[in-house]
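Trainee: Contents are compact mmCIF, C-alpha atoms and all ligand atoms; file name entry17.txt:
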```txt
# COMPACT_ATOMS: atom_id res chain seq x y z
CA MET B 1 -2.51 -12.25 -28.94
CA THR B 2 -5.81 -11.40 -27.22
CA LYS B 3 -6.52 -7.81 -28.13
CA PHE B 4 -7.33 -5.59 -25.22
CA ARG B 5 -6.23 -2.13 -24.32
CA THR B 6 -5.52 -0.46 -21.03
CA ILE B 7 -7.11 2.88 -21.89
CA TRP B 8 -9.97 3.68 -24.25
CA THR B 9 -12.63 6.27 -24.90
CA THR B 10 -16.36 5.85 -24.35
CA GLU B 11 -19.30 6.60 -26.64
CA ASP B 12 -19.94 9.85 -24.76
CA ALA B 13 -16.27 10.82 -25.24
CA TYR B 14 -14.99 10.21 -21.72
CA VAL B 15 -12.11 7.92 -20.86
CA GLU B 16 -11.97 4.49 -19.26
CA VAL B 17 -9.08 2.55 -17.75
CA ILE B 18 -8.60 -0.75 -15.98
CA ASP B 19 -8.29 -0.46 -12.20
CA GLN B 20 -4.93 -2.22 -11.96
CA ARG B 21 -5.06 -2.15 -8.14
CA LYS B 22 -7.75 -4.82 -8.30
CA LEU B 23 -5.92 -7.22 -10.62
CA PRO B 24 -5.54 -10.15 -10.81
CA HIS B 25 -8.55 -10.88 -8.63
CA GLU B 26 -11.10 -8.52 -10.18
CA PHE B 27 -11.34 -6.90 -13.60
CA VAL B 28 -12.85 -3.51 -12.84
CA THR B 29 -12.86 -0.47 -15.08
CA VAL B 30 -12.85 3.15 -13.96
CA ARG B 31 -14.39 6.06 -15.82
CA LEU B 32 -12.38 9.29 -15.95
CA GLU B 33 -14.56 12.38 -16.43
CA THR B 34 -12.33 15.17 -15.16
CA TYR B 35 -8.64 15.93 -15.07
CA ASP B 36 -8.85 15.33 -11.32
CA ASP B 37 -9.94 11.79 -12.06
CA ALA B 38 -6.94 11.30 -14.34
CA GLU B 39 -4.58 12.81 -11.78
CA GLU B 40 -5.92 10.54 -9.06
CA ALA B 41 -5.72 7.48 -11.32
CA ILE B 42 -2.00 8.16 -11.84
CA LYS B 43 -1.24 9.09 -8.21
CA GLU B 44 -3.10 6.14 -6.72
CA MET B 45 -1.70 3.75 -9.34
CA THR B 46 -5.07 2.77 -10.76
CA VAL B 47 -2.93 3.07 -13.89
CA ARG B 48 0.82 2.72 -13.83
CA GLY B 49 3.76 1.96 -16.07
CA ALA B 50 5.58 4.75 -17.87
CA PRO B 51 3.79 4.77 -21.26
CA LEU B 52 0.33 4.35 -19.71
CA ILE B 53 0.99 7.16 -17.24
CA GLY B 54 1.80 9.38 -20.24
CA ALA B 55 -1.31 8.33 -22.15
CA THR B 56 -3.55 8.92 -19.11
CA ALA B 57 -2.05 12.36 -18.53
CA ALA B 58 -2.66 13.24 -22.19
CA TYR B 59 -6.33 12.29 -21.86
CA GLY B 60 -6.34 14.17 -18.54
CA ILE B 61 -5.55 17.32 -20.51
CA TYR B 62 -8.31 16.53 -22.99
CA LEU B 63 -10.72 16.21 -20.04
CA ALA B 64 -9.48 19.52 -18.62
CA VAL B 65 -10.09 21.24 -21.95
CA ARG B 66 -13.58 19.77 -22.03
CA GLU B 67 -14.31 20.96 -18.48
CA MET B 68 -12.94 24.39 -19.30
CA ILE B 69 -15.17 24.76 -22.35
CA GLU B 70 -18.32 23.21 -20.87
CA ASP B 71 -18.07 25.14 -17.60
CA GLU B 72 -16.92 28.36 -19.32
CA LEU B 73 -13.72 28.57 -17.28
CA ASP B 74 -10.69 30.62 -18.27
CA GLY B 75 -7.23 29.41 -19.34
CA SER B 76 -5.91 29.36 -15.78
CA PHE B 77 -7.99 26.21 -15.24
CA LEU B 78 -6.02 24.46 -17.96
CA ASP B 79 -2.73 25.69 -16.48
CA GLU B 80 -3.79 24.21 -13.14
CA ALA B 81 -4.50 20.90 -14.85
CA PHE B 82 -1.04 20.85 -16.43
CA THR B 83 0.58 21.65 -13.07
CA ALA B 84 -1.42 19.01 -11.19
CA LEU B 85 -0.77 16.28 -13.73
CA ARG B 86 2.95 17.11 -13.89
CA ALA B 87 3.12 16.57 -10.14
CA SER B 88 1.26 13.26 -10.16
CA ARG B 89 4.36 10.99 -10.30
CA PRO B 90 8.01 12.02 -10.56
CA THR B 91 10.10 9.29 -12.18
CA ALA B 92 8.51 8.17 -15.46
CA VAL B 93 9.52 10.75 -18.04
CA ASN B 94 6.70 9.75 -20.40
CA LEU B 95 4.40 11.81 -18.18
CA PHE B 96 6.30 15.02 -18.94
CA TRP B 97 6.80 14.07 -22.58
CA ALA B 98 3.05 13.54 -23.06
CA LEU B 99 2.13 16.77 -21.27
CA ASP B 100 4.63 18.71 -23.39
CA LYS B 101 3.11 17.20 -26.53
CA MET B 102 -0.36 18.26 -25.39
CA ARG B 103 0.86 21.77 -24.60
CA VAL B 104 2.40 22.19 -28.05
CA ALA B 105 -0.76 20.86 -29.74
CA LEU B 106 -2.95 23.30 -27.80
CA ASP B 107 -0.57 26.24 -28.23
CA ASN B 108 -0.67 25.71 -31.99
CA CYS B 109 -4.43 25.26 -32.12
CA GLU B 110 -6.34 27.99 -33.92
CA GLY B 111 -9.69 26.26 -34.12
CA ASP B 112 -11.41 23.64 -31.99
CA PHE B 113 -9.50 23.10 -28.71
CA MET B 114 -11.47 20.08 -27.62
CA LYS B 115 -11.00 18.31 -30.95
CA THR B 116 -7.29 19.17 -30.94
CA ALA B 117 -6.79 17.78 -27.43
CA TRP B 118 -8.82 14.66 -28.25
CA GLU B 119 -6.80 14.00 -31.39
CA ALA B 120 -3.44 14.69 -29.74
CA ALA B 121 -4.21 12.26 -26.90
CA ALA B 122 -5.48 9.63 -29.34
CA GLN B 123 -2.29 9.99 -31.35
CA ILE B 124 -0.15 9.37 -28.25
CA VAL B 125 -2.13 6.19 -27.59
CA GLU B 126 -1.95 4.93 -31.18
CA GLU B 127 1.76 5.66 -31.41
CA ASP B 128 2.41 3.67 -28.27
CA VAL B 129 0.69 0.64 -29.78
CA GLU B 130 2.82 0.75 -32.92
CA THR B 131 6.00 1.55 -30.98
CA CYS B 132 5.56 -1.46 -28.71
CA ARG B 133 4.80 -3.69 -31.68
CA MET B 134 8.08 -2.58 -33.27
CA ILE B 135 10.00 -3.20 -30.02
CA GLY B 136 8.79 -6.76 -30.42
CA VAL B 137 9.94 -6.91 -34.02
CA HIS B 138 13.45 -5.82 -32.99
CA GLY B 139 13.58 -7.84 -29.78
CA LEU B 140 12.42 -11.08 -31.35
CA PRO B 141 15.79 -11.91 -33.03
CA LEU B 142 17.47 -11.79 -29.60
CA ILE B 143 15.14 -14.51 -28.35
CA GLU B 144 15.43 -16.41 -31.63
CA ALA B 145 19.23 -16.42 -31.35
CA ILE B 146 19.09 -18.00 -27.90
CA ALA B 147 16.49 -20.53 -29.07
CA ALA B 148 18.77 -21.46 -31.99
CA ARG B 149 21.77 -21.79 -29.68
CA LYS B 150 19.74 -24.02 -27.38
CA GLU B 151 18.54 -26.05 -30.38
CA GLY B 152 14.89 -25.33 -29.74
CA GLU B 153 15.00 -25.84 -25.97
CA VAL B 154 12.94 -23.46 -23.84
CA VAL B 155 14.31 -19.91 -23.59
CA ASN B 156 14.14 -18.78 -19.95
CA ILE B 157 13.54 -15.06 -19.57
CA LEU B 158 13.56 -13.25 -16.24
CA THR B 159 11.66 -9.99 -15.80
CA HIS B 160 11.04 -7.55 -12.98
CA CYS B 161 7.93 -5.46 -12.32
CA ASN B 162 5.38 -5.14 -15.12
CA ALA B 163 6.52 -3.74 -18.44
CA GLY B 164 3.80 -5.56 -20.27
CA MET B 165 0.70 -4.26 -21.96
CA LEU B 166 -0.69 -3.18 -18.57
CA GLY B 167 2.14 -0.65 -18.36
CA CYS B 168 1.47 0.53 -21.90
CA VAL B 169 -1.58 0.53 -24.17
CA GLU B 170 -1.23 -2.77 -26.04
CA TRP B 171 1.60 -5.29 -26.58
CA GLY B 172 3.82 -3.92 -23.78
CA THR B 173 7.55 -3.36 -24.14
CA ILE B 174 9.15 -6.49 -22.71
CA THR B 175 6.17 -8.67 -23.54
CA SER B 176 6.07 -7.65 -27.20
CA PRO B 177 9.15 -9.73 -28.19
CA ILE B 178 7.88 -12.53 -25.95
CA TYR B 179 4.42 -12.58 -27.54
CA GLN B 180 5.96 -12.42 -31.01
CA ALA B 181 8.32 -15.29 -30.14
CA ILE B 182 5.37 -17.38 -28.93
CA GLN B 183 3.51 -16.59 -32.16
CA LYS B 184 6.51 -17.95 -34.07
CA GLY B 185 6.42 -21.17 -32.11
CA ILE B 186 9.53 -20.48 -30.03
CA LYS B 187 9.40 -22.10 -26.61
CA VAL B 188 9.60 -19.41 -23.94
CA HIS B 189 9.27 -19.52 -20.18
CA VAL B 190 9.24 -16.38 -18.02
CA TRP B 191 10.51 -16.08 -14.45
CA VAL B 192 8.29 -13.41 -12.90
CA ASP B 193 9.77 -11.43 -9.99
CA GLU B 194 6.95 -10.72 -7.55
CA THR B 195 8.21 -7.10 -7.29
CA ARG B 196 7.57 -5.94 -3.76
CA PRO B 197 6.12 -3.79 -2.42
CA ARG B 198 3.22 -3.43 -4.85
CA ASN B 199 3.71 -6.79 -6.51
CA GLN B 200 3.36 -5.69 -10.11
CA GLY B 201 5.02 -9.00 -11.04
CA SER B 202 2.68 -11.35 -9.21
CA ASN B 203 -0.42 -9.22 -9.73
CA LEU B 204 0.04 -7.90 -13.24
CA THR B 205 2.77 -9.68 -15.21
CA ALA B 206 1.55 -13.10 -14.09
CA TYR B 207 -2.01 -12.03 -14.99
CA GLU B 208 -1.00 -10.93 -18.50
CA LEU B 209 1.11 -13.97 -19.19
CA THR B 210 -1.73 -16.20 -18.02
CA ARG B 211 -4.16 -14.38 -20.33
CA HIS B 212 -1.77 -14.86 -23.25
CA GLY B 213 -0.94 -18.45 -22.47
CA VAL B 214 2.75 -17.79 -21.85
CA PRO B 215 4.40 -20.37 -19.55
CA HIS B 216 5.71 -18.58 -16.48
CA THR B 217 6.72 -19.13 -12.86
CA LEU B 218 6.41 -16.63 -10.04
CA ILE B 219 9.53 -16.17 -7.90
CA VAL B 220 10.36 -14.05 -4.88
CA ASP B 221 12.42 -10.99 -5.67
CA ASN B 222 15.55 -12.48 -4.20
CA ALA B 223 15.50 -15.71 -6.23
CA GLY B 224 16.88 -14.37 -9.52
CA GLY B 225 20.55 -14.53 -8.53
CA HIS B 226 20.25 -18.16 -7.50
CA LEU B 227 18.50 -19.09 -10.76
CA MET B 228 21.18 -17.31 -12.77
CA GLN B 229 23.99 -19.12 -10.94
CA HIS B 230 22.38 -22.41 -11.87
CA GLY B 231 21.96 -21.74 -15.60
CA MET B 232 18.19 -21.32 -15.33
CA VAL B 233 18.03 -17.85 -16.90
CA ASP B 234 19.02 -17.18 -20.53
CA MET B 235 18.23 -13.50 -20.62
CA VAL B 236 16.80 -10.70 -18.51
CA ILE B 237 14.45 -8.13 -20.07
CA VAL B 238 13.10 -5.20 -18.12
CA GLY B 239 11.31 -1.96 -18.90
CA THR B 240 12.28 1.51 -17.80
CA ASP B 241 10.71 4.69 -16.53
CA ARG B 242 13.50 6.96 -17.67
CA THR B 243 16.72 6.29 -19.54
CA THR B 244 19.36 8.98 -19.78
CA ARG B 245 21.56 10.17 -22.62
CA GLN B 246 24.42 7.96 -21.45
CA GLY B 247 22.13 4.92 -21.16
CA ASP B 248 21.54 4.78 -17.39
CA VAL B 249 18.20 3.13 -16.73
CA ALA B 250 15.70 3.89 -13.97
CA ASN B 251 13.23 1.09 -13.37
CA LYS B 252 11.30 -0.45 -10.49
CA ILE B 253 13.28 -0.87 -7.29
CA GLY B 254 15.30 -4.07 -7.42
CA THR B 255 16.14 -3.90 -11.12
CA TYR B 256 19.74 -2.88 -10.35
CA LEU B 257 20.28 -6.01 -8.25
CA LYS B 258 19.09 -8.16 -11.16
CA ALA B 259 21.50 -6.37 -13.47
CA LEU B 260 24.37 -7.00 -11.07
CA ALA B 261 23.53 -10.68 -10.82
CA ALA B 262 23.16 -10.96 -14.60
CA HIS B 263 26.55 -9.30 -15.08
CA ASP B 264 28.21 -11.64 -12.60
CA ASN B 265 26.76 -14.63 -14.43
CA ASN B 266 27.37 -13.45 -18.01
CA ILE B 267 23.68 -13.31 -18.76
CA PRO B 268 22.47 -10.65 -21.20
CA PHE B 269 20.50 -7.87 -19.53
CA TYR B 270 18.20 -6.09 -22.01
CA VAL B 271 16.11 -2.98 -21.50
CA ALA B 272 13.08 -2.56 -23.77
CA LEU B 273 11.96 1.02 -24.21
CA PRO B 274 9.91 3.28 -26.41
CA SER B 275 11.86 6.42 -27.28
CA THR B 276 9.28 8.36 -25.26
CA THR B 277 11.08 7.01 -22.18
CA LEU B 278 14.39 8.58 -23.17
CA ASP B 279 15.37 11.67 -21.25
CA MET B 280 18.16 13.05 -23.41
CA SER B 281 18.33 16.24 -21.33
CA ILE B 282 20.19 14.44 -18.54
CA ARG B 283 23.21 12.16 -18.44
CA ASN B 284 23.85 10.76 -14.99
CA GLY B 285 20.94 8.63 -13.91
CA LEU B 286 22.20 8.26 -10.34
CA THR B 287 22.23 11.96 -9.62
CA GLU B 288 19.71 13.36 -12.08
CA ILE B 289 16.70 11.04 -12.08
CA PRO B 290 14.17 11.86 -9.35
CA ILE B 291 13.37 8.68 -7.46
CA GLU B 292 9.82 8.43 -6.20
CA GLU B 293 9.35 7.69 -2.50
CA ARG B 294 5.97 6.28 -1.69
CA ASN B 295 3.91 5.69 1.43
CA GLN B 296 5.62 3.38 3.93
CA ASP B 297 2.41 1.39 4.38
CA GLU B 298 2.95 -0.13 0.93
CA VAL B 299 5.91 -1.94 2.53
CA ARG B 300 4.36 -2.60 5.93
CA TYR B 301 1.24 -4.18 4.48
CA MET B 302 0.72 -6.70 1.73
CA ILE B 303 -2.53 -6.73 -0.17
CA GLY B 304 -4.08 -9.97 -1.34
CA LYS B 305 -7.20 -12.06 -1.52
CA GLY B 306 -8.03 -13.55 1.85
CA GLN B 307 -9.59 -16.93 2.45
CA ASN B 308 -12.88 -15.08 2.87
CA GLY B 309 -12.58 -14.10 -0.81
CA LYS B 310 -12.07 -10.42 0.03
CA ILE B 311 -9.13 -8.33 -1.18
CA GLN B 312 -7.54 -7.02 2.00
CA PRO B 313 -4.33 -5.57 3.41
CA VAL B 314 -2.31 -7.65 5.88
CA LEU B 315 0.24 -6.10 8.26
CA ILE B 316 3.58 -7.93 7.93
CA CYS B 317 5.66 -6.21 10.63
CA PRO B 318 5.22 -4.93 14.20
CA GLU B 319 2.66 -2.08 14.38
CA THR B 320 5.36 0.47 15.12
CA THR B 321 8.10 -0.61 12.69
CA PRO B 322 8.81 2.17 10.20
CA ALA B 323 9.57 1.39 6.56
CA SER B 324 11.18 3.17 3.65
CA ASN B 325 9.72 2.88 0.19
CA TYR B 326 11.91 3.95 -2.72
CA GLY B 327 9.98 3.17 -5.89
CA PHE B 328 12.82 2.97 -8.39
CA ASP B 329 16.55 2.43 -8.72
CA VAL B 330 19.06 3.22 -11.43
CA THR B 331 21.02 0.60 -13.34
CA PRO B 332 24.20 2.13 -14.75
CA ALA B 333 24.68 1.79 -18.52
CA ARG B 334 27.72 -0.47 -18.04
CA LEU B 335 25.42 -3.24 -16.76
CA VAL B 336 23.00 -3.00 -19.70
CA THR B 337 23.85 -5.38 -22.57
CA LYS B 338 21.62 -3.66 -25.16
CA ILE B 339 18.63 -1.37 -25.37
CA ILE B 340 15.70 -2.54 -27.52
CA THR B 341 13.73 0.31 -29.09
CA GLU B 342 11.12 0.77 -31.80
CA ARG B 343 13.90 1.62 -34.24
CA GLY B 344 16.26 -1.23 -33.43
CA VAL B 345 18.70 -2.52 -30.85
CA CYS B 346 21.59 -0.36 -29.64
CA ASP B 347 24.31 -0.03 -27.03
CA ALA B 348 23.36 1.65 -23.77
CA SER B 349 25.46 4.71 -24.55
CA GLU B 350 25.10 8.16 -26.03
CA GLU B 351 26.63 6.94 -29.31
CA GLY B 352 24.32 3.94 -29.43
CA LEU B 353 21.19 5.97 -28.76
CA LEU B 354 22.16 8.74 -31.19
CA GLU B 355 22.76 6.23 -33.95
CA LEU B 356 19.10 5.23 -33.72
CA PHE B 357 17.77 8.64 -32.71
CA PRO B 358 19.93 11.26 -34.47
CA GLU B 359 17.22 13.87 -33.87
CA PHE B 360 18.49 14.07 -30.26
CA ASN B 361 21.87 15.34 -31.46
CA SER B 362 21.68 18.66 -29.67
CA PRO B 363 22.54 18.00 -25.97
CA LYS B 364 19.62 20.02 -24.67
CA THR B 365 16.88 18.39 -26.73
CA ASN B 366 14.59 15.92 -25.10
O1 LIG Z 401 5.51 1.98 -10.23
P1 LIG Z 401 5.13 1.47 -11.59
O2 LIG Z 401 4.28 0.24 -11.55
O3 LIG Z 401 4.54 2.56 -12.46
O4 LIG Z 401 6.52 1.05 -12.23
C1 LIG Z 401 6.52 0.53 -13.55
C2 LIG Z 401 7.85 0.09 -14.00
O5 LIG Z 401 8.84 0.20 -13.32
C3 LIG Z 401 7.90 -0.42 -15.43
O6 LIG Z 401 8.93 -1.37 -15.56
C4 LIG Z 401 8.18 0.73 -16.39
O7 LIG Z 401 7.29 1.78 -16.17
C5 LIG Z 401 8.08 0.30 -17.80
S1 LIG Z 401 6.41 -0.01 -18.34
C6 LIG Z 401 6.58 -0.41 -19.98
```
Rewrite the structure from the file as structure tokens, please.
Ligand code: MRU

Mentor:
Amino acid sequence: MTKFRTIWTTEDAYVEVIDQRKLPHEFVTVRLETYDDAEEAIKEMTVRGAPLIGATAAYGIYLAVREMIEDELDGSFLDEAFTALRASRPTAVNLFWALDKMRVALDNCEGDFMKTAWEAAAQIVEEDVETCRMIGVHGLPLIEAIAARKEGEVVNILTHCNAGMLGCVEWGTITSPIYQAIQKGIKVHVWVDETRPRNQGSNLTAYELTRHGVPHTLIVDNAGGHLMQHGMVDMVIVGTDRTTRQGDVANKIGTYLKALAAHDNNIPFYVALPSTTLDMSIRNGLTEIPIEERNQDEVRYMIGKGQNGKIQPVLICPETTPASNYGFDVTPARLVTKIITERGVCDASEEGLLELFPEFNSPKTN
């Protein structure tokens, strides 16, 4: 696997990320020097994907601590930073998890605040790398089993949105088992949903798979059901932004429809997640997970590289047509075949999750 990360620190101890809005056409990095920069990067989707949102928010707090100390501001500045970052995106629970971790680290700090924040953010990043690697270790046997059943024929995997390394720090969640399968010589082919409106599939997943030499084919979002009916999909793997105690899964809008089609065609539907994406404080995903609604222009316009070589928006409806833009939907646990985590594979149920994560035994703990 080509080693690159989605977030890193600079020699002068600031933070840099990839501007994912420019991919796949341009590889541009953005320097984050203030917590405002981190907040904007999350809001504007310069960075996106649940684990990476969490990691960026954690470094956002480090930057806030640095600003507070260097500009001799009082603690209310840091409180403002926490509030602003918490409000940057609503659905991915990793954001709140990471901010809570930073709060605890700072509350317990008796010495150097800046060093504590730096180390706590770095730890979140390093843990994500190892967690995603382990998701691959546990997800690999699922791919191997299909490859064995197909006597070495290509395993066709369908995915929606981008739950690859661009949504995380390294490895990615759904891509980790795929990369590890490729490393073992298993033949894999990925159907990539384009994932309207922001096209994380065509822009990001296709980019990553290209970089890693993974055979893949881009499809329109509505093609998956047809492919499944015709035996062209062996498994579906998606990521998640928040998974509840009973195993309901919020992910990019359109995921639910893929789960329904997979169920109707007896195709396993797997969700790969780091435990940082579990929200064990809620049960019913349909009623309790806040679903982000984004600007309608993301639907009304498509952004791409024009024949003039410039990245530009193109209006795809009448000027006055309104649009709605729900960012996520919830797939009920009953449609999820198994959840793949860093500790192993389990049923999408409270019992299944608690078997792997007994520390969540008290209903209120998150
Ligand atoms: O709106 P996005 O691009 O942040 O949505 C991302 C997803 O839905 C991913 O599937 C999810 O965050 C998992 S990333 C490992």

Trainee: Show me, as JSON lines, the residues of chain B having an atom within 6 Å of ligand LIG 401 (chain Z), each with the closest atom pair and its distance in Å, using only C-alpha atoms and all ligand atoms.

Mentor:
```
{"residue": "B:Arg48", "atom": "CA", "partner": "Z:LIG401", "partner_atom": "O3", "distance": 4.0}
{"residue": "B:Gly49", "atom": "CA", "partner": "Z:LIG401", "partner_atom": "O7", "distance": 3.5}
{"residue": "B:Ala50", "atom": "CA", "partner": "Z:LIG401", "partner_atom": "O7", "distance": 3.8}
{"residue": "B:Cys161", "atom": "CA", "partner": "Z:LIG401", "partner_atom": "O6", "distance": 5.3}
{"residue": "B:Asn162", "atom": "CA", "partner": "Z:LIG401", "partner_atom": "O6", "distance": 5.2}
{"residue": "B:Ala163", "atom": "CA", "partner": "Z:LIG401", "partner_atom": "C6", "distance": 3.7}
{"residue": "B:Gly164", "atom": "CA", "partner": "Z:LIG401", "partner_atom": "C6", "distance": 5.9}
{"residue": "B:Gly167", "atom": "CA", "partner": "Z:LIG401", "partner_atom": "S1", "distance": 4.3}
{"residue": "B:Cys168", "atom": "CA", "partner": "Z:LIG401", "partner_atom": "C6", "distance": 5.5}
{"residue": "B:Gly172", "atom": "CA", "partner": "Z:LIG401", "partner_atom": "C6", "distance": 5.9}
{"residue": "B:Thr173", "atom": "CA", "partner": "Z:LIG401", "partner_atom": "C6", "distance": 5.2}
{"residue": "B:Gly239", "atom": "CA", "partner": "Z:LIG401", "partner_atom": "C5", "distance": 4.1}
{"residue": "B:Thr240", "atom": "CA", "partner": "Z:LIG401", "partner_atom": "C5", "distance": 4.4}
{"residue": "B:Asp241", "atom": "CA", "partner": "Z:LIG401", "partner_atom": "O7", "distance": 4.5}
{"residue": "B:Asn251", "atom": "CA", "partner": "Z:LIG401", "partner_atom": "O5", "distance": 4.5}
{"residue": "B:Lys252", "atom": "CA", "partner": "Z:LIG401", "partner_atom": "O5", "distance": 3.8}
```

Trainee: Under the rule that only C-alpha atoms are counted, which of B:Asp12, B:Asp36, B:Glu26, B:Asp221 is the nearest residue to Trp191 of chain B?

Mentor: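 Using only C-alpha atoms, Trp191 of chain B sits closest to B:Asp221.
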
Trainee: Arg300 of chain B: which residues within 10 Å, counting only C-alpha atoms, same-chain residues fewer than 5 positions away excluded, as a ChimeraX atom specification?

Mentor: /B:197,295,313-325

Trainee: When distances are computed from all atoms listed in the file, which of B:Pro141, B:Gly75, B:Gly224, B:Gly136 shows the smallest separation from Asp107 of chain B?

Mentor: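 The answer is B:Gly75, which sits nearest to Asp107 of chain B.
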
Trainee: Ranking B:Gly213, B:Pro274, B:Gly327, B:Gly304 by minimum distance to Leu356 of chain B and counting all atoms listed in the file, which one comes first?

Mentor: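 Residue with the minimum atom-to-atom distance to Leu356 of chain B: B:Pro274.
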
Trainee: Ranking B:His216, B:Arg31, B:Lys115, B:Lys150 by minimum distance to Val65 of chain B and counting only C-alpha atoms, which one comes first?

Mentor: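 Smallest distance to Val65 of chain B is found for B:Lys115.
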
Trainee: Counting all atoms listed in the file, what is within 9 Å of segment 343-348 of chain B, bar same-chain residues fewer than 5 positions away, as a PyMOL selection string?

Mentor: chain B and resi 131+134-135+137-139+245-249+271+274-275+333-338+353+355-357

Trainee: Go ahead and compute the interatomic distance for atom CA of Ala57 of chain B and atom CA of Ile42 of chain B, in Å to one decimal.

Mentor: 7.9 Å

Trainee: Can you pull out every residue within 7 Å of Glu16 of chain B, counting all atoms listed in the file, but drop anything in the same chain fewer than 2 positions away, and send it as a PyMOL selection string?

Mentor: chain B and resi 7-10+14+29-32

Trainee: Can you tell me which residues surround Val28 of chain B at a distance of at most 9 Å, considering all atoms listed in the file, apart from same-chain residues fewer than 4 positions away, and format the answer as a list in words?

Mentor: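 That gives Val17, Ile18, Asp19, Gln20, Lys22 and Leu23 of chain B.
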
Trainee: When you count all atoms listed in the file, which of these residues is closest to Val129 of chain B: B:Ala272, B:Val220, B:Ala81, B:Leu52?

Mentor: B:Leu52

Trainee: Please, what distance in Å, to one decimal, runs between atom CA of Glu208 of chain B and atom CA of Val233 of chain B?

Mentor: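 For atom CA of Glu208 of chain B relative to atom CA of Val233 of chain B, the distance reads 20.3 Å.
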